[in-house]
Every structure is written in structure tokens, then in C-alpha cells.
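Below is the file coords37.txt, which contains compact mmCIF, C-alpha atoms and all ligand atoms.
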```
# COMPACT_ATOMS: atom_id res chain seq x y z
CA MET A 254 -4.48 7.75 20.49
CA ARG A 255 -2.40 5.14 18.68
CA GLU A 256 -3.89 4.02 15.37
CA SER A 257 -3.71 0.35 16.43
CA ILE A 258 -5.92 1.08 19.45
CA ILE A 259 -8.40 3.01 17.27
CA MET A 260 -8.46 0.11 14.81
CA LYS A 261 -8.97 -2.46 17.58
CA ILE A 262 -12.01 -0.42 18.63
CA HIS A 263 -13.05 -0.20 14.95
CA TYR A 264 -12.93 -3.98 14.44
CA GLY A 265 -14.46 -4.69 17.86
CA THR A 266 -17.42 -2.37 17.28
CA ALA A 267 -18.00 -3.98 13.87
CA VAL A 268 -18.16 -7.51 15.30
CA ALA A 269 -20.35 -6.48 18.23
CA ALA A 270 -22.68 -4.42 16.02
CA VAL A 271 -23.15 -7.33 13.59
CA ALA A 272 -24.13 -9.61 16.50
CA LEU A 273 -26.56 -7.13 18.06
CA VAL A 274 -28.10 -6.04 14.74
CA ALA A 275 -28.69 -9.74 14.03
CA VAL A 276 -30.61 -10.01 17.33
CA HIS A 277 -32.51 -6.83 16.40
CA ILE A 278 -33.48 -8.30 13.00
CA LEU A 279 -34.53 -11.60 14.61
CA PHE A 280 -36.87 -9.65 16.87
CA ARG A 281 -38.42 -8.08 13.75
CA PHE A 282 -39.27 -11.58 12.54
CA THR A 283 -41.16 -12.45 15.73
CA LEU A 284 -43.91 -10.14 14.50
CA GLY A 285 -44.56 -9.72 10.78
CA PHE A 286 -42.08 -7.24 9.33
CA ALA A 287 -44.75 -4.60 8.44
CA GLU A 288 -46.51 -5.12 11.75
CA SER A 289 -43.29 -4.62 13.68
CA LEU A 290 -42.99 -1.14 12.19
CA GLU A 291 -46.40 -0.03 13.40
CA TYR A 292 -46.29 2.98 15.74
CA GLU A 293 -47.48 1.17 18.88
CA ASN A 294 -45.06 -1.71 18.38
CA VAL A 295 -42.10 0.58 17.85
CA ILE A 296 -42.99 2.54 21.00
CA ALA A 297 -43.43 -0.75 22.89
CA ASN A 298 -39.92 -1.80 21.89
CA TYR A 299 -38.46 1.43 23.22
CA GLN A 300 -40.38 1.06 26.47
CA PHE A 301 -39.10 -2.46 27.06
CA LEU A 302 -35.92 -1.64 28.98
CA PRO A 303 -33.62 -4.51 27.81
CA TYR A 304 -34.55 -3.81 24.18
CA ALA A 305 -34.06 -0.05 24.59
CA GLY A 306 -30.68 -0.81 26.18
CA MET A 307 -29.72 -2.94 23.20
CA LEU A 308 -30.76 -0.18 20.78
CA GLU A 309 -28.63 2.28 22.73
CA ILE A 310 -25.62 -0.03 22.51
CA ILE A 311 -26.19 -0.54 18.77
CA LEU A 312 -26.38 3.24 18.34
CA ILE A 313 -23.06 3.72 20.13
CA LEU A 314 -21.31 0.84 18.31
CA ILE A 315 -22.46 1.93 14.86
CA SER A 316 -21.68 5.58 15.48
CA ILE A 317 -18.13 4.81 16.62
CA HIS A 318 -17.54 2.40 13.74
CA GLY A 319 -19.18 4.58 11.09
CA PHE A 320 -17.53 7.85 12.01
CA ASN A 321 -14.12 6.26 12.37
CA GLY A 322 -14.64 4.72 8.92
CA LEU A 323 -15.53 8.14 7.55
CA ARG A 324 -12.43 9.61 9.23
CA VAL A 325 -10.22 6.99 7.57
CA VAL A 326 -11.77 7.62 4.12
CA LEU A 327 -11.34 11.39 4.50
CA LEU A 328 -7.73 11.03 5.68
CA GLU A 329 -6.95 8.97 2.61
CA LEU A 330 -8.58 11.48 0.27
CA LYS A 331 -6.52 14.49 1.23
CA GLN A 332 -3.54 15.20 3.46
CA GLY A 333 -2.29 18.21 5.40
CA SER A 334 -2.02 18.82 9.14
CA GLN A 335 -4.83 21.43 9.33
CA TYR A 336 -7.14 19.26 7.24
CA GLU A 337 -6.33 16.12 9.24
CA LYS A 338 -6.98 17.91 12.54
CA SER A 339 -10.37 19.14 11.27
CA VAL A 340 -11.27 15.64 10.06
CA ASN A 341 -10.30 14.02 13.39
CA TYR A 342 -12.15 16.54 15.56
CA GLY A 343 -15.04 16.90 13.07
CA CYS A 344 -15.71 13.15 13.06
CA LEU A 345 -15.40 12.93 16.84
CA GLY A 346 -17.85 15.82 17.25
CA ALA A 347 -20.32 14.41 14.70
CA MET A 348 -20.15 11.02 16.42
CA ALA A 349 -20.91 12.59 19.80
CA LEU A 350 -23.81 14.55 18.32
CA VAL A 351 -25.39 11.49 16.70
CA ILE A 352 -25.02 9.47 19.92
CA LEU A 353 -26.49 12.29 22.01
CA TYR A 354 -29.43 12.87 19.66
CA GLY A 355 -30.18 9.13 19.32
CA SER A 356 -29.86 8.58 23.07
CA ARG A 357 -32.25 11.49 23.70
CA THR A 358 -34.87 9.75 21.49
CA ILE A 359 -34.31 6.38 23.19
CA PHE A 360 -34.43 7.81 26.75
CA MET A 361 -37.43 10.07 26.14
CA THR A 362 -39.42 7.29 24.51
CA ASN A 363 -38.44 4.82 27.22
CA MET A 364 -39.62 7.19 29.91
CA GLY A 365 -42.90 7.80 28.09
CA MET A 366 -42.11 11.41 27.22
CA MET A 367 -42.87 10.84 23.51
CA MET B 136 36.18 16.23 -26.53
CA ALA B 137 32.70 17.79 -26.23
CA ALA B 138 31.62 16.17 -29.48
CA GLU B 139 32.88 12.84 -28.24
CA SER B 140 30.90 12.98 -24.98
CA LEU B 141 27.73 13.82 -26.92
CA GLN B 142 28.03 10.69 -29.00
CA ILE B 143 25.49 7.96 -28.44
CA SER B 144 27.05 5.09 -26.54
CA ASN B 145 28.52 2.39 -28.71
CA GLU B 146 27.57 -0.20 -26.15
CA GLU B 147 26.30 -3.36 -27.78
CA SER B 148 23.14 -4.85 -26.37
CA GLY B 149 23.94 -8.05 -28.21
CA THR B 150 20.34 -9.14 -28.18
CA ILE B 151 18.64 -7.61 -31.21
CA VAL B 152 19.74 -9.43 -34.33
CA SER B 153 17.99 -9.45 -37.69
CA SER B 154 14.51 -10.75 -37.15
CA THR B 155 11.34 -10.82 -39.17
CA LYS B 156 9.16 -10.39 -36.12
CA THR B 157 8.52 -6.82 -35.01
CA ILE B 158 6.50 -5.05 -32.37
CA THR B 159 5.33 -1.50 -32.09
CA LEU B 160 6.95 0.00 -29.02
CA ARG B 161 5.01 2.98 -27.66
CA ILE B 162 7.06 5.06 -25.28
CA ALA B 163 5.45 7.68 -23.04
CA ARG B 164 7.33 10.95 -23.39
CA SER B 165 7.05 13.83 -20.99
CA ASN B 166 9.18 16.43 -19.31
CA PRO B 167 7.39 18.07 -16.37
CA LYS B 168 10.12 20.73 -16.23
CA LYS B 169 9.00 21.98 -19.66
CA ASN B 170 5.27 21.13 -19.69
CA THR B 171 2.87 18.64 -18.15
CA GLU B 172 1.70 17.13 -21.43
CA GLN B 173 2.43 13.45 -22.06
CA LYS B 174 2.63 12.02 -25.57
CA PHE B 175 3.51 8.63 -27.01
CA ASP B 176 6.22 8.02 -29.59
CA GLU B 177 5.95 4.82 -31.61
CA PHE B 178 8.81 2.73 -32.91
CA LYS B 179 8.90 -0.52 -34.89
CA ILE B 180 11.39 -2.84 -33.23
CA PRO B 181 12.55 -6.28 -34.39
CA TYR B 182 12.75 -8.83 -31.61
CA GLN B 183 13.88 -12.33 -30.77
CA LYS B 184 12.43 -14.66 -28.22
CA TRP B 185 14.96 -13.49 -25.64
CA THR B 186 14.52 -9.74 -26.27
CA THR B 187 13.44 -7.90 -23.14
CA VAL B 188 11.47 -4.66 -23.02
CA LEU B 189 14.64 -2.92 -21.81
CA ASP B 190 16.55 -4.26 -24.84
CA ALA B 191 13.83 -2.82 -27.08
CA ILE B 192 14.02 0.58 -25.39
CA LEU B 193 17.81 0.58 -25.65
CA GLU B 194 17.48 -0.30 -29.34
CA VAL B 195 15.38 2.83 -29.74
CA LYS B 196 17.96 4.88 -27.86
CA LYS B 197 20.78 3.46 -29.92
CA HIS B 198 19.38 3.73 -33.42
CA LEU B 199 16.18 5.77 -33.47
CA ASP B 200 15.93 8.37 -30.73
CA HIS B 201 18.71 8.75 -28.21
CA SER B 202 16.75 11.33 -26.18
CA VAL B 203 14.47 8.71 -24.57
CA ALA B 204 15.06 8.84 -20.79
CA VAL B 205 15.25 5.45 -19.08
CA ARG B 206 17.01 4.35 -15.91
CA TYR B 207 18.75 0.98 -15.80
CA SER B 208 21.90 -0.62 -14.52
CA CYS B 209 22.24 -4.35 -13.88
CA ARG B 210 19.92 -5.72 -16.62
CA GLN B 211 19.32 -8.78 -14.46
CA ALA B 212 16.56 -7.85 -12.01
CA SER B 213 19.02 -7.03 -9.24
CA CYS B 214 19.40 -3.26 -9.01
CA GLY B 215 15.74 -2.24 -9.09
CA SER B 216 16.33 0.66 -11.49
CA CYS B 217 14.20 -0.20 -14.50
CA GLY B 218 10.68 -0.34 -13.06
CA MET B 219 7.99 1.01 -15.38
CA LYS B 220 4.45 0.28 -16.51
CA ILE B 221 4.53 -2.24 -19.33
CA ASN B 222 1.18 -2.62 -21.05
CA GLY B 223 -0.41 -1.07 -17.99
CA ARG B 224 1.24 -3.28 -15.37
CA PRO B 225 4.23 -2.32 -13.22
CA ALA B 226 7.20 -4.55 -14.09
CA LEU B 227 10.96 -4.54 -14.48
CA ALA B 228 11.84 -3.79 -18.12
CA CYS B 229 14.94 -5.99 -17.92
CA PHE B 230 12.94 -8.90 -16.55
CA THR B 231 10.03 -8.78 -19.01
CA LYS B 232 10.44 -10.51 -22.34
CA ILE B 233 8.54 -9.13 -25.34
CA THR B 234 7.31 -12.64 -26.14
CA GLU B 235 5.64 -13.10 -22.75
CA LEU B 236 3.46 -10.03 -23.33
CA ASN B 237 1.58 -11.75 -26.20
CA SER B 238 0.95 -8.43 -27.91
CA ASP B 239 2.11 -6.71 -31.08
CA VAL B 240 2.01 -3.40 -29.30
CA VAL B 241 4.07 -2.80 -26.19
CA THR B 242 3.34 0.41 -24.31
CA VAL B 243 5.81 1.61 -21.71
CA GLU B 244 5.00 4.39 -19.26
CA PRO B 245 6.52 5.72 -16.05
CA MET B 246 5.36 4.05 -12.82
CA ASN B 247 2.27 5.41 -11.09
CA ASN B 248 2.52 7.03 -7.65
CA PHE B 249 5.99 8.45 -8.30
CA PRO B 250 6.83 11.92 -9.60
CA ILE B 251 8.04 11.83 -13.22
CA ILE B 252 11.51 13.20 -13.84
CA ARG B 253 11.44 12.63 -17.60
CA ASP B 254 9.90 10.01 -19.92
CA LEU B 255 10.26 6.67 -18.08
CA VAL B 256 12.35 7.92 -15.19
CA VAL B 257 10.66 8.64 -11.88
CA GLY B 258 11.86 10.09 -8.57
CA PHE B 259 12.37 7.64 -5.68
CA GLU B 260 12.77 10.24 -2.89
CA ARG B 261 9.48 9.42 -1.12
CA MET B 262 10.09 5.67 -1.22
CA PHE B 263 13.67 5.97 0.02
CA SER B 264 12.73 8.36 2.81
CA ASN B 265 9.94 6.02 3.98
CA HIS B 266 12.36 3.11 3.77
CA LYS B 267 14.85 5.03 5.91
CA LYS B 268 12.12 6.01 8.35
CA ILE B 269 11.46 2.41 9.41
CA LYS B 270 15.15 1.94 10.37
CA PRO B 271 16.10 -0.79 7.89
CA TYR B 272 18.97 -2.25 9.89
CA ILE B 273 19.48 -4.52 12.88
CA ILE B 274 19.11 -2.55 16.10
CA ASN B 275 21.16 -4.26 18.79
CA GLU B 276 23.65 -2.91 21.27
CA GLU B 277 25.74 -6.01 20.91
CA SER B 278 27.26 -6.49 17.51
CA GLU B 279 30.23 -8.17 15.92
CA ILE B 280 31.91 -4.81 15.51
CA ASN B 281 31.86 -4.05 19.23
CA PRO B 282 34.85 -5.71 20.89
CA GLY B 283 34.06 -8.35 23.47
CA THR B 284 30.68 -9.27 22.03
CA LYS B 285 29.90 -12.38 20.11
CA GLU B 286 28.62 -13.14 16.65
CA PHE B 287 24.89 -13.73 16.30
CA LEU B 288 23.94 -17.28 15.56
CA GLN B 289 20.65 -18.13 13.89
CA THR B 290 19.03 -21.43 13.13
CA PRO B 291 17.65 -22.09 9.63
CA GLU B 292 14.17 -21.66 11.16
CA ASP B 293 15.11 -18.19 12.45
CA VAL B 294 16.34 -17.21 8.99
CA GLU B 295 13.23 -18.67 7.33
CA LYS B 296 11.07 -16.11 9.15
CA TYR B 297 12.46 -13.09 7.30
CA ILE B 298 14.65 -14.26 4.40
CA GLN B 299 11.94 -13.85 1.77
CA PHE B 300 11.52 -10.21 2.76
CA SER B 301 15.23 -9.49 2.51
CA ASN B 302 15.07 -10.09 -1.25
CA CYS B 303 13.63 -6.61 -1.82
CA ILE B 304 15.58 -4.66 -4.46
CA LYS B 305 13.71 -1.37 -3.83
CA CYS B 306 12.37 -1.23 -7.37
CA GLY B 307 9.16 0.48 -6.24
CA LEU B 308 6.81 -1.71 -8.30
CA CYS B 309 4.77 -2.53 -5.19
CA ASN B 310 4.34 1.15 -4.32
CA SER B 311 3.36 1.83 -7.92
CA ALA B 312 0.62 -0.85 -7.84
CA CYS B 313 -0.71 0.15 -4.40
CA PRO B 314 -4.14 1.86 -4.48
CA THR B 315 -3.55 3.60 -1.14
CA MET B 316 -0.31 5.14 -2.42
CA ALA B 317 -2.37 6.69 -5.24
CA THR B 318 -4.54 8.76 -2.91
CA ASP B 319 -2.63 9.06 0.36
CA SER B 320 0.55 11.04 -0.20
CA SER B 321 1.66 10.37 3.40
CA PHE B 322 1.16 6.58 3.35
CA VAL B 323 4.34 4.73 4.25
CA GLY B 324 3.82 2.19 1.42
CA PRO B 325 4.18 -1.59 0.99
CA GLN B 326 7.92 -1.46 0.31
CA ALA B 327 8.75 0.16 3.66
CA LEU B 328 6.17 -1.92 5.54
CA ALA B 329 7.58 -5.19 4.14
CA GLN B 330 11.04 -4.06 5.23
CA ALA B 331 9.74 -3.16 8.69
CA TYR B 332 8.51 -6.75 8.97
CA ARG B 333 11.85 -8.07 7.69
CA TYR B 334 13.67 -6.51 10.67
CA VAL B 335 10.92 -7.08 13.24
CA ALA B 336 10.91 -10.80 12.40
CA ASP B 337 14.71 -11.06 12.71
CA ASN B 338 15.57 -12.44 16.16
CA ARG B 339 18.89 -10.53 16.22
CA ASP B 340 16.98 -7.26 16.16
CA LYS B 341 15.89 -5.42 19.31
CA GLY B 342 14.15 -2.49 17.62
CA LYS B 343 10.68 -4.02 17.30
CA ASP B 344 8.86 -1.56 19.58
CA GLU B 345 10.58 1.41 17.99
CA ARG B 346 9.60 0.26 14.50
CA LEU B 347 6.04 -0.67 15.41
CA LYS B 348 5.57 2.81 16.87
CA ILE B 349 6.73 4.40 13.61
CA ILE B 350 4.26 2.48 11.45
CA ASP B 351 1.39 2.79 13.94
CA ASP B 352 0.20 6.25 12.92
CA SER B 353 -2.69 7.64 10.89
CA HIS B 354 -0.83 7.08 7.59
CA GLY B 355 0.86 3.88 8.65
CA ILE B 356 0.12 0.19 8.38
CA PHE B 357 -3.63 0.41 9.00
CA ARG B 358 -4.18 2.36 5.79
CA CYS B 359 -3.41 -0.81 3.82
CA HIS B 360 -6.66 -2.15 2.31
CA PHE B 361 -5.12 -5.52 1.55
CA ALA B 362 -5.72 -5.15 -2.19
CA GLY B 363 -2.70 -7.44 -2.59
CA SER B 364 -1.53 -5.84 -5.86
CA CYS B 365 1.90 -5.18 -4.30
CA SER B 366 2.55 -8.91 -4.02
CA GLN B 367 1.22 -9.59 -7.52
CA VAL B 368 3.75 -7.27 -9.16
CA CYS B 369 6.80 -7.92 -6.95
CA PRO B 370 9.52 -9.41 -9.21
CA LYS B 371 11.43 -10.93 -6.27
CA GLY B 372 8.61 -12.84 -4.58
CA VAL B 373 8.81 -10.66 -1.48
CA ASP B 374 5.03 -10.69 -0.89
CA PRO B 375 4.71 -7.33 0.89
CA ALA B 376 0.96 -7.95 1.49
CA MET B 377 1.80 -10.95 3.65
CA GLY B 378 4.48 -8.99 5.53
CA ILE B 379 1.94 -6.25 6.23
CA GLN B 380 -0.60 -8.72 7.61
CA LEU B 381 2.03 -10.42 9.79
CA LEU B 382 3.15 -7.03 11.05
CA ARG B 383 -0.45 -6.12 11.86
CA GLY B 384 -0.56 -9.24 14.01
CA TYR B 385 2.03 -7.66 16.35
CA LEU B 386 0.03 -4.44 16.64
CA LEU B 387 -3.29 -6.20 17.20
CA GLY B 388 -1.80 -8.50 19.83
CA PHE B 389 -1.91 -11.80 17.91
CA ARG B 390 1.88 -12.10 17.87
CA ASP B 391 4.63 -11.02 20.21
S1 LIG C 401 8.83 -5.48 -2.23
FE1 LIG C 401 9.13 -6.30 -4.31
S2 LIG C 401 8.09 -4.81 -5.65
FE2 LIG C 401 8.38 -3.81 -3.65
S3 LIG C 401 10.29 -2.66 -3.87
FE3 LIG C 401 10.81 -4.68 -2.97
S4 LIG C 401 11.32 -5.99 -4.74
FE4 LIG C 401 10.24 -4.19 -5.55
S1 LIG C 402 18.23 -2.95 -14.84
FE1 LIG C 402 18.55 -3.58 -12.77
S2 LIG C 402 16.63 -4.36 -12.25
FE2 LIG C 402 16.39 -3.91 -14.34
```

Once more with this new file: its structure as C-alpha cells, please.
Amino acid sequence: MRESIIMKIHYGTAVAAVALVAVHILFRFTLGFAESLEYENVIANYQFLPYAGMLEIILILISIHGFNGLRVVLLELKQGSQYEKSVNYGCLGAMALVILYGSRTIFMTNMGMM
Amino acid sequence: MAAESLQISNEESGTIVSSTKTITLRIARSNPKKNTEQKFDEFKIPYQKWTTVLDAILEVKKHLDHSVAVRYSCRQASCGSCGMKINGRPALACFTKITELNSDVVTVEPMNNFPIIRDLVVGFERMFSNHKKIKPYIINEESEINPGTKEFLQTPEDVEKYIQFSNCIKCGLCNSACPTMATDSSFVGPQALAQAYRYVADNRDKGKDERLKIIDDSHGIFRCHFAGSCSQVCPKGVDPAMGIQLLRGYLLGFRD
């Protein structure tokens, strides 16, 4: 993929993540901060479908943005075609793993399996 | 004949005359072909208010140590040969007066981010090959040299768009100041990127897509962190950082 397309995704995910994380933080303020972290309240958030959907989107946005950022940092640290290939595929794989693991938690909790 | 060619040049710099004011000139000495160690040699040099750092180095070469390696040619900030670090900052030695440094000690070192050949002389191969890579010429099937085609006319506004960027003398100071150049050995660099913009912004040129493709790779334009140090050190006011941002506009779809 062209670097300009990757960077458009990088900037886009950053802007969208900032907006959604702001909504997420505002929701924390509706209850007291400590109260919002109580077990039942956290589970209730996950079981409320629109909120769980938002958390899933935040997870995807932050994973894409974060792992692409890591890829860029690693590419600037060292060069070499073998190394660059490993960094590109390594970051893509790690991103997929984090999204899959996080989504599993969100889906299982939403469906009352946790 | 051999003895004659070994003689130190009798060329007169014409700038150092008897003066009571002196500075300590510290010159970084190294020869990577022999060893990697760098040391500093110190020289006391008299100076006048018009004495440049290059004059001071040439004074050393002429009277104190002719083995100091320095590259220079025009002595008027036109050829781009005499770039070096002067008191830690990349600058042209022929364009930096001793008096403007406000220091009794002037330290000169080879530019960062370039391989050292000897003492103050660095290799420009990487910069020149990146410069060449971005096709630094007008790409257009029609040209004045092809019979039957016309000359290109431009309005002052058309010229205004790129003229600042055509002042580049390829001195390499911007690449030396660039933090990305320091870690990314494949980065194309501010010099080449500013030149890519110079041709992309020229309305006679038809090679925009070709050039944008070249700089749109994993070590291309998006590795610029916009530190802006390239523009701070440029002796010709080229402002490579601005060129890079304008060029990014094409790739991100803000300009066409
Ligand atoms: S942009 Fe400025 S600093 Fe960079 S090579 Fe050209 S003249 Fe030198
Ligand atoms: S000697 Fe030509 S730029 Fe300094």
C-alpha cells in the first residue's frame, strides 16, 4: 500500500479516536469516576450494545493508529529489506491479534458469557 | 617539478591583516581511512570584522598546517562546497563571519549525517543520488529544443510558486540538520524533497505524478517530523520544511 494512503488512515484514525475517547471519558463523568470502574458498572457498559459498539470501534481505531505508529518508529530506527519486511508484517500481525483479543472480550461480555 | 607541486598555494586570501583580536580555532581532524578517532587541533588566528570562518581555516592551511582538509570553491555562498558545523550548527564557512559568532573559540567539525572523507570534508554521494532520484528537471514532451514546439511562457505568479526553491545550492546543510536523516539511512532528505516540490510546482512540468510516486514510499516524505531545522540552517532561504508540507498537500489530496 502507498505510504500516503497508510498515513491518511493514520491521521483519520487519530482524529476519530480522539472524538470517541472524549465521548467515552464524558460517560465516565456521568457516574463518579471510582463508581464507574466498579465491576457491575463496567459489565453494564459492555452489555449496552451502542456503548459496546463504540468500545469496539475505539479498539480498532487505536490498534491501527498505535501499531502503524510503532511500525514508523521501528522503520526509522533501523533499515534493511529483511528487517523492514519483519516490521511491516510483525506490526500487522500484532494489530490483528490485539483487535481479535479485545473483540473477544467485548463480544463475550456483551453476550453475557463473562 | 614534484617539489613545486607540493608547495603550499601562494594564493592570497587578502582578508587577514595584522589584528590585535584573535580567536582560538578548533578544527576537528579525522581520517576514517586510517582510524576512526577524531581529535581537535587548536590554532590562534587573528581576525578582522570581515574575516569569515573559511578565511580563518585557509589562514591555518597557509601558515600553520597545510594538511587540514577543507572543501571550498566560490567563497560567496554560491557553490555549496564549504558546509560544516560551526560551533555546533551547520553553516557555510564562507558565509559565516567570525564576529557574528560572538565567541572567542570557534569549533569547526564535519557536517552530521554525511560520511567523513577527511577532517572537514564529507561525501555527498547519498544526497546527490537522492537529488537525482526525484528527477530534478522539467519533464515535458514539448520543449524549446524540439523543432516545431513553442517556448514556455510563465506569468510572474507562476514563477512565484517555485522560485524560492530553485535557489538551492546543494550544500547539504538541511540534510545535516535533519533529525530523520540521523537515524533513517534510507530517508530521501529535505534537500531532495524541496527540489521535488520545486519541479512539481512548476507549471511547465508534467512529471508530477511520477515524482509524487517516488517520494511516496516508506522512507519518503512522510518520514519528515516537521522539526523545521532544515529551514533554520538553509543559507539561501529555500525553506525546505515549507516545501515538504506543500508537497504533502498533493499526496493528502488538499492540492492538485
Ligand atoms: S535547501 Fe538550503 S540547506 Fe538544503 S541543500 Fe539547498 S541551499 Fe543547502
Ligand atoms: S565556498 Fe562556495 S559556498 Fe562556500

Original post:
Could you list, as a PyMOL selection string, all the residues within 10 Å of ligand LIG 401 (chain C), counting all atoms listed in the file?
Top reply: chain B and resi 212-216+218+225-227+262+266+299-313+324-330+364-376+378

Produce the centre coordinates and the three edge lengths, each in Å to one decimal, of the box along x, y and z that contains all listed atoms of range 276-280 of chain B with 4 Å added on each side, as AutoDock Vina command-line options.
```
--center_x 27.8 --center_y -5.5 --center_z 18.4 --size_x 16.3 --size_y 13.3 --size_z 13.8
```

**OP:** Tell me which protein, DNA and RNA residues are within 7 Å of range 316-328 of chain A, counting all atoms listed in the file, leaving out same-chain ones fewer than 5 positions away, and put them as a PyMOL selection string.
**Re:** chain A and resi 263+266-267+337+340-341+344+348+352

Residue list for chain B near chain A as a PDB file with C-alpha atoms, in the frame of the given file, 12 Å, all atoms listed in the file:
```
ATOM      1  CA  PRO B 314      -4.140   1.860  -4.480  1.00  0.00           C
ATOM      2  CA  THR B 315      -3.550   3.600  -1.140  1.00  0.00           C
ATOM      3  CA  MET B 316      -0.310   5.140  -2.420  1.00  0.00           C
ATOM      4  CA  ALA B 317      -2.370   6.690  -5.240  1.00  0.00           C
ATOM      5  CA  THR B 318      -4.540   8.760  -2.910  1.00  0.00           C
ATOM      6  CA  ASP B 319      -2.630   9.060   0.360  1.00  0.00           C
ATOM      7  CA  SER B 320       0.550  11.040  -0.200  1.00  0.00           C
ATOM      8  CA  SER B 321       1.660  10.370   3.400  1.00  0.00           C
ATOM      9  CA  PHE B 322       1.160   6.580   3.350  1.00  0.00           C
ATOM     10  CA  LEU B 347       6.040  -0.670  15.410  1.00  0.00           C
ATOM     11  CA  LYS B 348       5.570   2.810  16.870  1.00  0.00           C
ATOM     12  CA  ILE B 349       6.730   4.400  13.610  1.00  0.00           C
ATOM     13  CA  ILE B 350       4.260   2.480  11.450  1.00  0.00           C
ATOM     14  CA  ASP B 351       1.390   2.790  13.940  1.00  0.00           C
ATOM     15  CA  ASP B 352       0.200   6.250  12.920  1.00  0.00           C
ATOM     16  CA  SER B 353      -2.690   7.640  10.890  1.00  0.00           C
ATOM     17  CA  HIS B 354      -0.830   7.080   7.590  1.00  0.00           C
ATOM     18  CA  GLY B 355       0.860   3.880   8.650  1.00  0.00           C
ATOM     19  CA  ILE B 356       0.120   0.190   8.380  1.00  0.00           C
ATOM     20  CA  PHE B 357      -3.630   0.410   9.000  1.00  0.00           C
ATOM     21  CA  ARG B 358      -4.180   2.360   5.790  1.00  0.00           C
ATOM     22  CA  CYS B 359      -3.410  -0.810   3.820  1.00  0.00           C
ATOM     23  CA  HIS B 360      -6.660  -2.150   2.310  1.00  0.00           C
ATOM     24  CA  LEU B 382       3.150  -7.030  11.050  1.00  0.00           C
ATOM     25  CA  ARG B 383      -0.450  -6.120  11.860  1.00  0.00           C
ATOM     26  CA  GLY B 384      -0.560  -9.240  14.010  1.00  0.00           C
ATOM     27  CA  TYR B 385       2.030  -7.660  16.350  1.00  0.00           C
ATOM     28  CA  LEU B 386       0.030  -4.440  16.640  1.00  0.00           C
ATOM     29  CA  LEU B 387      -3.290  -6.200  17.200  1.00  0.00           C
ATOM     30  CA  GLY B 388      -1.800  -8.500  19.830  1.00  0.00           C
ATOM     31  CA  PHE B 389      -1.910 -11.800  17.910  1.00  0.00           C
TER      32      PHE B 389
END
```

Original post:
Distance CA of Leu290 in chain A-CA of Ala275 in chain A, one decimal place?
Top reply: 16.8 Å

Original post:
What residues have an atom no more than 8 Å from (-29.8, 4.0, 22.6) in the file's own frame, counting all atoms listed in the file, and can you write them as a list of chain:residue names?
Top reply: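 Residues satisfying the cut-off, written out: A:Ala305, A:Gly306, A:Met307, A:Leu308, A:Glu309, A:Ile310, A:Ile311, A:Leu312, A:Ile313, A:Ile352, A:Gly355, A:Ser356, A:Arg357, A:Thr358, A:Ile359, A:Phe360.
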
Using the atoms already present, construct all heavy atoms for range 290-295 of chain B and hand them back as a short mmCIF file (atom, residue, chain, number, x, y, z; two decimals), in the coordinates of the input.
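Output below, filename selection-v5.cif:
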```cif
data_model
loop_
_atom_site.label_atom_id
_atom_site.label_comp_id
_atom_site.auth_asym_id
_atom_site.auth_seq_id
_atom_site.Cartn_x
_atom_site.Cartn_y
_atom_site.Cartn_z
N THR B 290 19.34 -20.12 13.69
CA THR B 290 19.03 -21.43 13.13
C THR B 290 18.37 -21.21 11.76
O THR B 290 17.88 -20.11 11.48
CB THR B 290 18.01 -22.18 14.03
OG1 THR B 290 16.80 -21.42 14.03
CG2 THR B 290 18.51 -22.33 15.45
N PRO B 291 18.34 -22.25 10.92
CA PRO B 291 17.65 -22.09 9.63
C PRO B 291 16.20 -21.64 9.82
O PRO B 291 15.68 -20.88 9.01
CB PRO B 291 17.72 -23.50 9.03
CG PRO B 291 18.93 -24.11 9.66
CD PRO B 291 19.01 -23.55 11.05
N GLU B 292 15.56 -22.07 10.90
CA GLU B 292 14.17 -21.66 11.16
C GLU B 292 14.09 -20.16 11.44
O GLU B 292 13.15 -19.50 11.00
CB GLU B 292 13.57 -22.42 12.36
CG GLU B 292 13.31 -23.91 12.13
CD GLU B 292 14.58 -24.74 12.12
OE1 GLU B 292 15.55 -24.38 12.83
OE2 GLU B 292 14.62 -25.75 11.39
N ASP B 293 15.08 -19.63 12.17
CA ASP B 293 15.11 -18.19 12.45
C ASP B 293 15.23 -17.40 11.14
O ASP B 293 14.57 -16.39 10.95
CB ASP B 293 16.32 -17.82 13.34
CG ASP B 293 16.21 -18.39 14.74
OD1 ASP B 293 15.07 -18.61 15.20
OD2 ASP B 293 17.27 -18.62 15.37
N VAL B 294 16.09 -17.90 10.27
CA VAL B 294 16.34 -17.21 8.99
C VAL B 294 15.08 -17.27 8.11
O VAL B 294 14.72 -16.30 7.45
CB VAL B 294 17.56 -17.84 8.28
CG1 VAL B 294 17.76 -17.24 6.90
CG2 VAL B 294 18.81 -17.66 9.13
N GLU B 295 14.44 -18.43 8.15
CA GLU B 295 13.23 -18.67 7.33
C GLU B 295 12.16 -17.60 7.57
O GLU B 295 11.41 -17.25 6.66
CB GLU B 295 12.68 -20.06 7.71
CG GLU B 295 11.68 -20.66 6.74
CD GLU B 295 12.27 -20.86 5.36
OE1 GLU B 295 13.46 -21.26 5.24
OE2 GLU B 295 11.54 -20.58 4.41
#
```
